[in-house]
Amino acid sequence: MPSVDTRMSDSGDRQAAGEPRGGLAVAVWATLKRDLTLLMRRRSEVLNPLVFFALVITLFPIGISPDPKLLATIAPGLLWVAALLAALLSLDSLFRGDYEDGSLEQLLLTPQPLPMLGLAKVAVHWLLTGLPLALMAPVLGIMLALPAGSYLILAFSLALGTASLSLIGAIGAALTVGLSRGGVLLSLLVLPLYIPVLIFGAGAVQAAIMGDGAAAHLAILGALLALSLMLAPWAIAASLRISING
Amino acid sequence: MWSFINKLRSPKWFYAISERLLPWFWVAAAALILVGSVWGLAFAPADYQQGNSFRIIYVHVPAAFLAQSIFVSMAVCGLVYMVWKIKVADMVAAMMAPLGAAMTFISLFSGAVWGVPTWGTWWMWDARLTSMLILFFLYLGVIALRGAFSSRDSASRAASVLAMVGVINIPIIKYSVDWWYTLHQPATFTVTGRVGMPMEMWVPLLIMVLGFYSFFIAVTLMRTRSEILRRESNKRWVRDLAGGER
Amino acid sequence: MAFDSFNEFIAMGGHAPYVWAAWAATAALLVAIVLHARAERRQLLRNLQRRARREQRLGVDQDEATKVSHQSGGNSS
């Protein structure tokens, strides 16, 4: 079980040594900025999940039928499943680069609490995968003849849901980062845990189409996000420690 | 309390105490399963709706119970291992995982076979079967993760974290799948859990459940004893044991 | 007794294939689990004894062997 880092208790000493105040906020902000910069430099890594998303959605009308009526009935589920897989695809690289160049080890050695720093990394992952996927989904919704009135809910439910997906997925990514062939294992670990988010996310869009309010679904998605925000950072930190020290 | 935990730390103590307990659990398992089987198969009255096909309940439900409790026990063992570093707890957890997967498989298989006379199909996306299937994948994930690490200590800690993450998710998955099922399949005939099961039916079921639990404890104890010998094969007491049993 | 004759018991009121398939699969798996646990234990004890004999034959002092030997059991379950 991850315990609160004992090194945090000597903050008085560090301030005496001339370290800046508000160390945690500074560290989180620095991690955010660093990761954003790094990912913006490797744009293909950000774009690949989006292209994957569009491609998978293109496959379905070809594989099933171009009939708009049929597509409209399965569109909410299709969009959600495809977005979930796209988010999963990008998870493997979440800690991989940092693990390989050793900066993950540095992150573990900082006196700041690891759960917060992990949370910062997850936030960047969501900003550059979940959010773009959510913004892109309505366009693909048009192509799948998604009934009007559900576009906003689709984007919003995806934005809310992919945040939980990033958090839960980061646990799996942290557990498998030290393994050479972690990719397939990662999906085996993470996909079963994604099911509640998928159910309520696709359910929200479905409810919006049927005309019942989607507020209940979105509220549950929000609750799932709150729960994963509360618990996942600790699991991520513990998993990172296992992957590095093992 | 402390001394008890300290004793638990010692695999040697566990090896000795389990040797004394083991025969009792084997006897209990054999007797209970035998009595429950004969009672359930031959003496319990046939169901007024499903006829004799309902007798599958006597293997389906105990296996399903066990599948869920084994995952919880695995997570508890993982917690004990992570907090107190008790090695035996991890050995027990490692031995439980395949057994839990086997029980999940039994309940899935018997559920599918039961589906033919009740629903007219081998598989239905029934709420119980679906959450059981997801549980099966969770077990496979834990087993695969443990097998993927080359260092035993990392493998144990990673499997413990995953089991704990899984056990937090199981109720969420269960409730969301139940909710999803009622949304898509309103008021279908459910196989188990009807109210007012007569006593001649549920007493044998209870006996079978207890028998399965005894079986689980017996197998886990026995395999943990083997695992202790395997992991402690360089310790003096194991060498003396091997030398003495010639 | 819920059945009048043994044949009726086997027939399970027409549901024989399902009831017996589910029960047989369960019984087979339970027996397989027990046999596997037993075989695993026997194999392990055999290996330990073989090693003890070998070390005795070679005249390796036990404490020395503990230090030298790093042979550990497999991680597989």
# chains A, B, ... in the order shown; residues from 1 in each chain; ligands from 1

call {"tool": "select_by_dssp", "arguments": {"residues": "stretch 80-167 of chain A", "states": "helix (DSSP H, G or I)", "output": "ChimeraX atom specification"}}
result
/A:80-91,93-100,103-109,114-143,151-167

call {"tool": "interface_residues", "arguments": {"of": "chain B", "to": "chain C", "cutoff": "8 Å", "atoms": "only C-alpha atoms", "output": "ChimeraX atom specification"}}
result
/B:42-46,51-53,55-56,59,94-95,99,102,106,109-110,113-114,116-117,147,152,219,222-223,226,229-231,233-236,239,242-243,245-246

call {"tool": "write_last_selection", "arguments": {"atoms": "N, CA and C atoms", "output": "CSV table (one decimal), in the first residue's frame"}}
result
chain,number,residue,atom,x,y,z
B,42,ALA,N,-30.8,-36.4,-6.8
B,42,ALA,CA,-31.8,-37.4,-6.8
B,42,ALA,C,-33.0,-37.1,-5.9
B,43,PHE,N,-32.8,-36.3,-4.8
B,43,PHE,CA,-33.9,-36.2,-3.8
B,43,PHE,C,-34.6,-34.9,-3.9
B,44,ALA,N,-33.9,-33.8,-4.3
B,44,ALA,CA,-34.6,-32.5,-4.3
B,44,ALA,C,-35.7,-32.6,-5.3
B,45,PRO,N,-36.9,-31.9,-5.1
B,45,PRO,CA,-37.9,-32.0,-6.0
B,45,PRO,C,-37.6,-31.2,-7.3
B,46,ALA,N,-38.2,-31.6,-8.4
B,46,ALA,CA,-38.0,-30.9,-9.7
B,46,ALA,C,-38.7,-29.5,-9.6
B,51,GLY,N,-38.4,-27.9,-14.6
B,51,GLY,CA,-38.2,-29.3,-14.5
B,51,GLY,C,-36.9,-29.7,-13.9
B,52,ASN,N,-36.3,-30.7,-14.5
B,52,ASN,CA,-35.0,-31.2,-13.8
B,52,ASN,C,-33.8,-30.4,-14.2
B,53,SER,N,-33.9,-29.6,-15.3
B,53,SER,CA,-32.7,-28.8,-15.7
B,53,SER,C,-32.3,-27.9,-14.6
B,55,ARG,N,-31.5,-28.6,-11.8
B,55,ARG,CA,-30.5,-29.3,-10.9
B,55,ARG,C,-29.0,-28.8,-11.2
B,56,ILE,N,-28.9,-28.1,-12.3
B,56,ILE,CA,-27.6,-27.5,-12.6
B,56,ILE,C,-27.2,-26.4,-11.6
B,59,VAL,N,-24.3,-27.0,-9.1
B,59,VAL,CA,-22.9,-26.7,-9.4
B,59,VAL,C,-22.7,-25.3,-9.8
B,94,ALA,N,-1.2,-16.4,-4.8
B,94,ALA,CA,-0.7,-16.9,-6.1
B,94,ALA,C,-1.4,-18.2,-6.4
B,95,MET,N,-1.6,-19.0,-5.4
B,95,MET,CA,-2.2,-20.3,-5.6
B,95,MET,C,-3.8,-20.2,-5.8
B,99,LEU,N,-7.3,-21.3,-9.3
B,99,LEU,CA,-8.5,-21.9,-8.8
B,99,LEU,C,-9.7,-21.0,-9.0
B,102,ALA,N,-10.7,-21.2,-12.5
B,102,ALA,CA,-11.4,-22.5,-12.8
B,102,ALA,C,-12.8,-22.4,-12.4
B,106,ILE,N,-16.2,-22.8,-14.5
B,106,ILE,CA,-17.3,-23.8,-14.2
B,106,ILE,C,-18.7,-23.1,-14.2
B,109,PHE,N,-19.6,-22.1,-17.8
B,109,PHE,CA,-19.9,-23.3,-18.6
B,109,PHE,C,-21.3,-23.8,-18.2
B,110,SER,N,-21.5,-24.0,-16.9
B,110,SER,CA,-22.8,-24.6,-16.4
B,110,SER,C,-23.9,-23.6,-16.7
B,113,VAL,N,-24.7,-24.0,-20.4
B,113,VAL,CA,-25.4,-25.3,-20.7
B,113,VAL,C,-26.9,-25.2,-20.2
B,114,TRP,N,-27.0,-24.5,-19.1
B,114,TRP,CA,-28.3,-24.3,-18.5
B,114,TRP,C,-29.2,-23.4,-19.4
B,116,VAL,N,-29.5,-23.5,-22.6
B,116,VAL,CA,-30.2,-24.2,-23.7
B,116,VAL,C,-31.6,-24.6,-23.3
B,117,PRO,N,-31.8,-25.3,-22.2
B,117,PRO,CA,-33.2,-25.6,-22.0
B,117,PRO,C,-34.1,-24.4,-21.5
B,147,GLY,N,2.7,-13.7,-14.2
B,147,GLY,CA,3.6,-14.5,-15.0
B,147,GLY,C,4.6,-13.6,-15.8
B,152,ARG,N,10.4,-12.3,-8.8
B,152,ARG,CA,9.3,-12.7,-8.1
B,152,ARG,C,8.7,-11.7,-7.2
B,219,VAL,N,-7.7,-27.2,-1.2
B,219,VAL,CA,-6.7,-27.2,-2.4
B,219,VAL,C,-5.8,-26.0,-2.2
B,222,MET,N,-3.1,-27.0,0.4
B,222,MET,CA,-2.2,-28.0,-0.2
B,222,MET,C,-1.2,-27.4,-1.2
B,223,ARG,N,-1.8,-26.6,-2.0
B,223,ARG,CA,-0.9,-26.0,-3.0
B,223,ARG,C,0.1,-24.9,-2.4
B,226,SER,N,3.0,-26.7,-1.1
B,226,SER,CA,4.0,-27.0,-2.2
B,226,SER,C,4.8,-25.7,-2.5
B,229,LEU,N,7.5,-25.0,-0.1
B,229,LEU,CA,8.7,-25.9,-0.3
B,229,LEU,C,9.5,-25.4,-1.5
B,230,ARG,N,8.7,-24.9,-2.5
B,230,ARG,CA,9.4,-24.5,-3.8
B,230,ARG,C,10.2,-23.2,-3.5
B,231,ARG,N,9.6,-22.2,-2.8
B,231,ARG,CA,10.3,-21.0,-2.6
B,231,ARG,C,11.3,-21.0,-1.5
B,233,SER,N,13.2,-23.6,-0.8
B,233,SER,CA,13.9,-24.9,-1.0
B,233,SER,C,15.3,-24.8,-0.5
B,234,ASN,N,15.9,-23.6,-0.3
B,234,ASN,CA,17.2,-23.5,0.2
B,234,ASN,C,17.3,-23.4,1.7
B,235,LYS,N,16.2,-23.3,2.4
B,235,LYS,CA,16.2,-23.1,3.8
B,235,LYS,C,16.5,-24.4,4.5
B,236,ARG,N,17.1,-24.3,5.7
B,236,ARG,CA,17.5,-25.5,6.4
B,236,ARG,C,16.4,-26.5,6.7
B,239,ARG,N,15.4,-28.6,3.8
B,239,ARG,CA,16.4,-29.6,3.5
B,239,ARG,C,16.3,-30.7,4.5
B,242,ALA,N,13.3,-32.8,3.6
B,242,ALA,CA,13.5,-33.7,2.4
B,242,ALA,C,14.4,-34.8,2.8
B,243,GLY,N,15.5,-34.6,3.6
B,243,GLY,CA,16.4,-35.6,4.0
B,243,GLY,C,15.7,-36.7,4.8
B,245,GLU,N,12.4,-37.5,5.0
B,245,GLU,CA,11.3,-38.2,4.4
B,245,GLU,C,11.7,-39.3,3.4
B,246,ARG,N,13.0,-39.6,3.4
B,246,ARG,CA,13.4,-40.6,2.5
B,246,ARG,C,12.9,-42.0,2.8

call {"tool": "interface_residues", "arguments": {"of": "chain A", "to": "chain B", "cutoff": "10 Å", "atoms": "only C-alpha atoms", "output": "PyMOL selection string"}}
result
chain A and resi 1-3+168+171-172+174-176+178-182+185-200+203+220+224+231-232+235-236+238-246

call {"tool": "residues_around", "arguments": {"residues": "A:Leu114", "least_positions_apart": "5", "cutoff": "9 Å", "atoms": "only C-alpha atoms", "output": "list in words"}}
result
Asp5, Leu107, Leu108, Leu109, Leu119, Pro233, Trp234, Ile236, Ala237, Ala238 and Leu240 of chain A

call {"tool": "residues_around", "arguments": {"residues": "A:Gly183", "least_positions_apart": "5", "cutoff": "10 Å", "atoms": "only C-alpha atoms", "output": "list in words"}}
result
Leu88, Leu89, Leu91, Asp92, Ser93, Gly172, Ala173, Thr176, Val177 and Leu188 of chain A

call {"tool": "write_last_selection", "arguments": {"atoms": "C-alpha atoms", "output": "short mmCIF file (atom, residue, chain, number, x, y, z; two decimals), in the first residue's frame"}}
result
data_model
loop_
_atom_site.label_atom_id
_atom_site.label_comp_id
_atom_site.auth_asym_id
_atom_site.auth_seq_id
_atom_site.Cartn_x
_atom_site.Cartn_y
_atom_site.Cartn_z
CA LEU A 88 -6.16 2.45 -24.96
CA LEU A 89 -3.78 2.54 -27.91
CA LEU A 91 -1.69 4.31 -23.05
CA ASP A 92 1.38 2.18 -23.66
CA SER A 93 3.49 5.25 -24.38
CA GLY A 172 -2.21 -0.65 -16.08
CA ALA A 173 0.43 1.38 -17.94
CA THR A 176 3.45 -2.93 -17.37
CA VAL A 177 5.97 -0.18 -18.11
CA LEU A 188 -6.00 -7.45 -20.90
#

call {"tool": "atom_distance", "arguments": {"atom1": "atom CA of B:Cys77", "atom2": "atom CA of B:Ala89"}}
result
5.0 Å

call {"tool": "residues_around", "arguments": {"residues": "A:Ala202", "least_positions_apart": "3", "cutoff": "9 Å", "atoms": "only C-alpha atoms", "output": "PyMOL selection string"}}
result
chain A and resi 76-81+154+157-158+197-199+205-207

call {"tool": "write_last_selection", "arguments": {"atoms": "N, CA and C atoms", "output": "short mmCIF file (atom, residue, chain, number, x, y, z; two decimals), in the first residue's frame"}}
result
data_model
loop_
_atom_site.label_atom_id
_atom_site.label_comp_id
_atom_site.auth_asym_id
_atom_site.auth_seq_id
_atom_site.Cartn_x
_atom_site.Cartn_y
_atom_site.Cartn_z
N PRO A 76 -24.04 5.17 -31.22
CA PRO A 76 -23.51 5.54 -29.90
C PRO A 76 -22.49 4.54 -29.37
N GLY A 77 -22.85 3.26 -29.48
CA GLY A 77 -21.94 2.22 -29.01
C GLY A 77 -20.65 2.19 -29.81
N LEU A 78 -20.78 2.30 -31.15
CA LEU A 78 -19.60 2.26 -32.01
C LEU A 78 -18.64 3.39 -31.67
N LEU A 79 -19.18 4.59 -31.58
CA LEU A 79 -18.32 5.75 -31.30
C LEU A 79 -17.61 5.57 -29.97
N TRP A 80 -18.36 5.09 -28.99
CA TRP A 80 -17.76 4.94 -27.66
C TRP A 80 -16.70 3.85 -27.64
N VAL A 81 -17.00 2.70 -28.27
CA VAL A 81 -16.02 1.61 -28.28
C VAL A 81 -14.76 2.04 -29.03
N LEU A 154 -22.71 13.54 -26.69
CA LEU A 154 -21.66 12.63 -27.10
C LEU A 154 -20.29 13.20 -26.73
N SER A 157 -19.96 13.46 -22.84
CA SER A 157 -19.79 12.18 -22.15
C SER A 157 -18.41 11.60 -22.43
N LEU A 158 -17.93 11.81 -23.67
CA LEU A 158 -16.59 11.30 -23.99
C LEU A 158 -15.52 12.06 -23.21
N VAL A 197 -17.48 2.50 -17.39
CA VAL A 197 -17.44 3.78 -18.09
C VAL A 197 -18.11 3.65 -19.46
N LEU A 198 -17.83 2.54 -20.13
CA LEU A 198 -18.44 2.32 -21.45
C LEU A 198 -19.96 2.25 -21.34
N ILE A 199 -20.43 1.52 -20.33
CA ILE A 199 -21.88 1.34 -20.18
C ILE A 199 -22.57 2.69 -20.00
N VAL A 205 -25.43 8.75 -24.42
CA VAL A 205 -25.76 9.12 -25.80
C VAL A 205 -27.08 8.48 -26.21
N GLN A 206 -27.23 7.21 -25.85
CA GLN A 206 -28.47 6.50 -26.15
C GLN A 206 -29.67 7.23 -25.56
N ALA A 207 -29.53 7.64 -24.29
CA ALA A 207 -30.64 8.32 -23.60
C ALA A 207 -30.95 9.64 -24.29
#
